[in-house]
Amino acid sequence: MPPAHPFDDDKLREECGIFGVIGVNDAANFVALGLHALQHRGQEAGGIVVHHPEHGFNSARRFGYVRDNFTSASVMETLPGPIGIGHVRYSTAGNKGNTAIRDVQPFFGEFSMGGAAIAHNGNITNANTLRRELIERGSIFQSSSDSECIIHLMARSMGRSIPDRMEEALRKVEGAFSVVAMTRTKLVGVRDPLGVRPLVLGKLGDGWVLSSETCALDIIGAEFLREIEPGEMVVISEKDGVQSHFPFRPRKSRFCIFEHVYFSRPDSVLGGRSVYETREAIGRELAKEAPVEADLVCPVPDSGTPAAIGYSLQSGIPYAMGIIRNQYMGRTFIEPSEQIRNMGVRLKLNVNRALIRDKRVILVDDSVVRGTTSRKIKEMILDAGAKEVHFRIASPPTAWPCFYGVDTPQREKLLAATMSEEEMREHLQVDSLAFISLDGLYRAVGEANGRDPKQPQYCDACFSGEYPVRPADMLEQGFQMKAAE
Ligand code: SF4
């Protein structure tokens with residue numbers, strides 16, 4: 001397993017991307033390409049399961065990047081068939097940082113009516129309770145992944161078809177999840193009742209595609225049809241096309257607002273809006289809320305780029321690439337020695353000295369998590385001769401952990417959990433620091449009147465501390481929710 005790059009420690013990390021296709025020749029190749037486009041959602045490991053009428057179910061699971069594992073003929077030839085699903089992961093539940101290959105999705109289960117494979121993005125917040133109950137009733141778990149709970153719940157269901165069993169299993173599950181699953185003849189997609197995690201439907205010739213994001217439809221030339229609705233289950237077959245069910249009690253949707261800020265790729269479309277345009281709008285809001293006199297607006301690449309462009313357009317302050325990212329410095333870099341680790345951010349980002357010298361610089365970043373990277377970037381900018389450094393952050397202070405499928409440090413490690421904005425400014429030693437307000441962020445994602453405090457339109461728990469799904473397992477482990485105001 002390649003070691004995490006030190007730079008990666010200071011970002012929230014989306015932990016999974018899912019993809020599925022039915023009704024095409026060589027589904028595995030399309031799944032591999034789709035997963036490659038979703039690689040930003042998880043780089044630790046990936047897996048593909050396919051089914052072929054003669055060769056049955058086959059699977060491959062590997063650590064590392066899709067491009068390093070699912071391109072060779074020797075692997076892809078073992079994955080024949082017209083239907084397949086795949087998954088890329090960082091680690092959610094399961095052996096975080098110490099993953100066994102048995103934790104890598106998709107998972108497979110053999111039922112009386114045939115086999116099924118399943119992969120999910122998100123987190124089951126009552127997984128510990130379910131697991132305990134299932135083990136007490138005789139289930140034998142092979143992995144520490146939440147998806148396996150769904151397989152065991154399906155095994156115990158009396159449903160007459162696999163989709164029926166899945167429906168029954170998912171009614172027992174709490175949390176934020178999008179699921180892709182397959183049987184011998186069907187592709188299934190489900191979003192949790194609040195629709196916290198994304199899932200979209202596309203068309204590819206006579207076939208159909210499910211994907212975490214639209215960017216993965218583009219790479220295979222599929223047409224984007226629509227998002228799967230919150231609480232919707234689609235069952236797709238070559239014979240009957242797409243059949244839609246709503247197995248859960250209807251609830252008001254609470255999509256993850258951080259997908260707009262950071263997780264999704266800027267070339268994806270979310271809720272009918274281009275992610276890039278939303279990020280640019282965030283930058284414009286930020287410029288209105290937190291103006292400052294300066295000579296240059298520079299993004300912390302790459303995720304701060306659209307917001308920096310928006311800030312520059314709104315403020316009239318010129319935009320410049322003051323920091324250049326080394327595109328080839330991934331997690332697969334040589335095993336870092338202590339000396340190389342200490343170089344930290346410099347391995348990945350370099351300051352464009354000629355631009356920065358003697359300038360008052362506004363740096364736009366997507367978020368501040370622990371603050372370690374922000375501090376190092378500020379030092380690099382000052383070393384390069386900047387006169388002033390002003391941080392503008394395209395999300396509100398991240399003060400609460402996410403329990404819905406995103407890797408966040410424990411609450412006490414989040415800078416905003418223990419410091420006021422002024423204390424954070426002093427800690428980072430910058431001339432000024434400002435975060436977009438929660439209302440400003442809502443306006444930028446298209447809610448003209450900002451956040452509805454009685455019924456927030458999105459999940460924003462990592463900023464507000466208001467969790468739309470009770471994090472049952474975490475409460476059992478002693479997590480303290482925000483006191484009611
Ligand atoms: S807590 Fe934050 S990161 Fe997690 S789902 Fe909600 S908005 Fe997204």
# chains A, B, ... in the order shown; residues from 1 in each chain; ligands from 1
call {"tool": "residues_near_ligand", "arguments": {"ligand": "ligand 1", "cutoff": "6 Å", "atoms": "only C-alpha atoms and all ligand atoms", "output": "list in words"}}
result
Cys256, Ile257, Phe258, Cys402, Tyr404, Val406, Cys459, Asp460, Ala461 and Cys462 of chain A
call {"tool": "closest_atom_pairs", "arguments": {"of": "region 273-379 of chain A", "to": "region 410-424 of chain A", "cutoff": "7 Å", "atoms": "only C-alpha atoms", "output": "JSON lines"}}
result
{"residue": "A:Val369", "atom": "CA", "partner": "A:Leu414", "partner_atom": "CA", "distance": 5.5}
{"residue": "A:Arg370", "atom": "CA", "partner": "A:Leu414", "partner_atom": "CA", "distance": 5.0}
{"residue": "A:Gly371", "atom": "CA", "partner": "A:Leu415", "partner_atom": "CA", "distance": 6.3}
call {"tool": "write_last_selection", "arguments": {"atoms": "N, CA, C and O atoms", "output": "mmCIF file, in the first residue's frame"}}
result
data_model
loop_
_atom_site.group_PDB
_atom_site.id
_atom_site.type_symbol
_atom_site.label_atom_id
_atom_site.label_comp_id
_atom_site.auth_asym_id
_atom_site.auth_seq_id
_atom_site.Cartn_x
_atom_site.Cartn_y
_atom_site.Cartn_z
ATOM 1 N N VAL A 369 -8.792 22.433 7.543
ATOM 2 C CA VAL A 369 -9.152 21.288 8.375
ATOM 3 C C VAL A 369 -8.305 21.329 9.651
ATOM 4 O O VAL A 369 -8.740 21.812 10.685
ATOM 5 N N ARG A 370 -7.069 20.889 9.577
ATOM 6 C CA ARG A 370 -6.193 21.023 10.750
ATOM 7 C C ARG A 370 -5.411 22.332 10.718
ATOM 8 O O ARG A 370 -4.878 22.762 11.721
ATOM 9 N N GLY A 371 -5.255 22.878 9.533
ATOM 10 C CA GLY A 371 -4.529 24.138 9.401
ATOM 11 C C GLY A 371 -3.047 23.953 9.138
ATOM 12 O O GLY A 371 -2.333 24.925 8.886
#
call {"tool": "closest_residue", "arguments": {"among": "A:Glu15, A:Glu280, A:Glu232, A:Asp295", "to": "Pro247 (chain A)", "atoms": "only C-alpha atoms"}}
result
A:Glu232
call {"tool": "residues_around", "arguments": {"residues": "Arg353 (chain A)", "least_positions_apart": "2", "cutoff": "12 Å", "atoms": "only C-alpha atoms", "output": "list of chain:residue names"}}
result
A:Ala320, A:Met321, A:Gly322, A:Ile323, A:Ile324, A:Asn350, A:Val351, A:Leu355, A:Ile356, A:Arg357, A:Asp358, A:Lys359, A:Met380, A:Ile381, A:Leu382, A:Asp383, A:Ala384, A:Gly385, A:Ala386
call {"tool": "closest_residue", "arguments": {"among": "A:Ser147, A:Asn326, A:Thr305, A:Thr183", "to": "Asn123 (chain A)", "atoms": "only C-alpha atoms"}}
result
A:Ser147
call {"tool": "residues_around", "arguments": {"residues": "Gly23 (chain A)", "least_positions_apart": "3", "cutoff": "9 Å", "atoms": "only C-alpha atoms", "output": "JSON, numbers by chain"}}
result
{"A": [27, 82, 83, 204, 205, 206, 207, 208, 237, 238]}
call {"tool": "select_by_dssp", "arguments": {"residues": "region 249-351 of chain A", "states": "alpha helix (DSSP H)", "output": "PyMOL selection string"}}
result
chain A and resi 258+275-289+305-315+338-343
call {"tool": "write_last_selection", "arguments": {"atoms": "N, CA and C atoms", "output": "short mmCIF file (atom, residue, chain, number, x, y, z; two decimals), in the first residue's frame"}}
result
data_model
loop_
_atom_site.label_atom_id
_atom_site.label_comp_id
_atom_site.auth_asym_id
_atom_site.auth_seq_id
_atom_site.Cartn_x
_atom_site.Cartn_y
_atom_site.Cartn_z
N PHE A 258 -20.81 19.84 0.86
CA PHE A 258 -19.36 19.82 0.62
C PHE A 258 -19.03 19.20 -0.75
N VAL A 275 -20.56 22.14 -11.27
CA VAL A 275 -19.78 22.29 -10.02
C VAL A 275 -18.80 23.46 -10.16
N TYR A 276 -18.21 23.59 -11.35
CA TYR A 276 -17.27 24.69 -11.58
C TYR A 276 -17.95 26.04 -11.35
N GLU A 277 -19.15 26.18 -11.96
CA GLU A 277 -19.85 27.48 -11.84
C GLU A 277 -20.23 27.77 -10.39
N THR A 278 -20.64 26.71 -9.66
CA THR A 278 -20.98 26.91 -8.25
C THR A 278 -19.74 27.39 -7.49
N ARG A 279 -18.59 26.77 -7.77
CA ARG A 279 -17.38 27.18 -7.04
C ARG A 279 -16.98 28.61 -7.38
N GLU A 280 -17.18 28.99 -8.63
CA GLU A 280 -16.90 30.38 -9.01
C GLU A 280 -17.85 31.32 -8.24
N ALA A 281 -19.13 30.89 -8.13
CA ALA A 281 -20.11 31.71 -7.40
C ALA A 281 -19.72 31.82 -5.91
N ILE A 282 -19.15 30.75 -5.37
CA ILE A 282 -18.69 30.80 -3.98
C ILE A 282 -17.62 31.89 -3.84
N GLY A 283 -16.70 31.93 -4.81
CA GLY A 283 -15.64 32.95 -4.79
C GLY A 283 -16.22 34.36 -4.86
N ARG A 284 -17.25 34.53 -5.68
CA ARG A 284 -17.88 35.86 -5.79
C ARG A 284 -18.52 36.26 -4.47
N GLU A 285 -19.24 35.30 -3.85
CA GLU A 285 -19.85 35.59 -2.54
C GLU A 285 -18.79 35.97 -1.52
N LEU A 286 -17.70 35.22 -1.56
CA LEU A 286 -16.61 35.46 -0.61
C LEU A 286 -16.04 36.86 -0.80
N ALA A 287 -15.91 37.28 -2.05
CA ALA A 287 -15.38 38.63 -2.31
C ALA A 287 -16.33 39.70 -1.80
N LYS A 288 -17.66 39.41 -1.88
CA LYS A 288 -18.64 40.40 -1.38
C LYS A 288 -18.59 40.44 0.14
N GLU A 289 -18.48 39.25 0.75
CA GLU A 289 -18.53 39.18 2.22
C GLU A 289 -17.22 39.63 2.87
N THR A 305 -9.10 26.77 -7.24
CA THR A 305 -8.99 27.57 -8.47
C THR A 305 -10.30 28.25 -8.89
N PRO A 306 -11.42 27.52 -9.05
CA PRO A 306 -12.64 28.23 -9.50
C PRO A 306 -13.07 29.33 -8.53
N ALA A 307 -12.95 29.09 -7.22
CA ALA A 307 -13.35 30.11 -6.24
C ALA A 307 -12.43 31.33 -6.34
N ALA A 308 -11.14 31.11 -6.61
CA ALA A 308 -10.21 32.24 -6.75
C ALA A 308 -10.58 33.06 -7.99
N ILE A 309 -10.97 32.37 -9.06
CA ILE A 309 -11.38 33.09 -10.28
C ILE A 309 -12.62 33.93 -9.96
N GLY A 310 -13.58 33.35 -9.24
CA GLY A 310 -14.79 34.08 -8.85
C GLY A 310 -14.44 35.29 -7.99
N TYR A 311 -13.53 35.10 -7.04
CA TYR A 311 -13.13 36.21 -6.15
C TYR A 311 -12.51 37.33 -6.98
N SER A 312 -11.66 36.95 -7.93
CA SER A 312 -10.98 37.94 -8.77
C SER A 312 -11.99 38.70 -9.64
N LEU A 313 -12.93 37.96 -10.25
CA LEU A 313 -13.93 38.61 -11.12
C LEU A 313 -14.77 39.60 -10.33
N GLN A 314 -15.16 39.21 -9.12
CA GLN A 314 -16.02 40.07 -8.32
C GLN A 314 -15.27 41.29 -7.80
N SER A 315 -14.01 41.07 -7.38
CA SER A 315 -13.27 42.16 -6.72
C SER A 315 -12.52 43.04 -7.72
N GLU A 338 12.32 10.36 6.27
CA GLU A 338 11.97 11.43 7.20
C GLU A 338 12.30 12.80 6.59
N GLN A 339 13.49 12.85 5.94
CA GLN A 339 13.92 14.14 5.37
C GLN A 339 12.95 14.60 4.27
N ILE A 340 12.51 13.65 3.45
CA ILE A 340 11.58 14.02 2.38
C ILE A 340 10.23 14.39 2.96
N ARG A 341 9.79 13.66 3.98
CA ARG A 341 8.51 13.98 4.63
C ARG A 341 8.52 15.41 5.16
N ASN A 342 9.67 15.82 5.71
CA ASN A 342 9.75 17.16 6.29
C ASN A 342 9.61 18.26 5.24
N MET A 343 9.87 17.91 4.00
CA MET A 343 9.67 18.90 2.94
C MET A 343 8.19 19.18 2.76
#
call {"tool": "closest_residue", "arguments": {"among": "A:Gly109, A:Gly56, A:Gly115, A:Pro266", "to": "Leu38 (chain A)", "atoms": "only C-alpha atoms"}}
result
A:Pro266
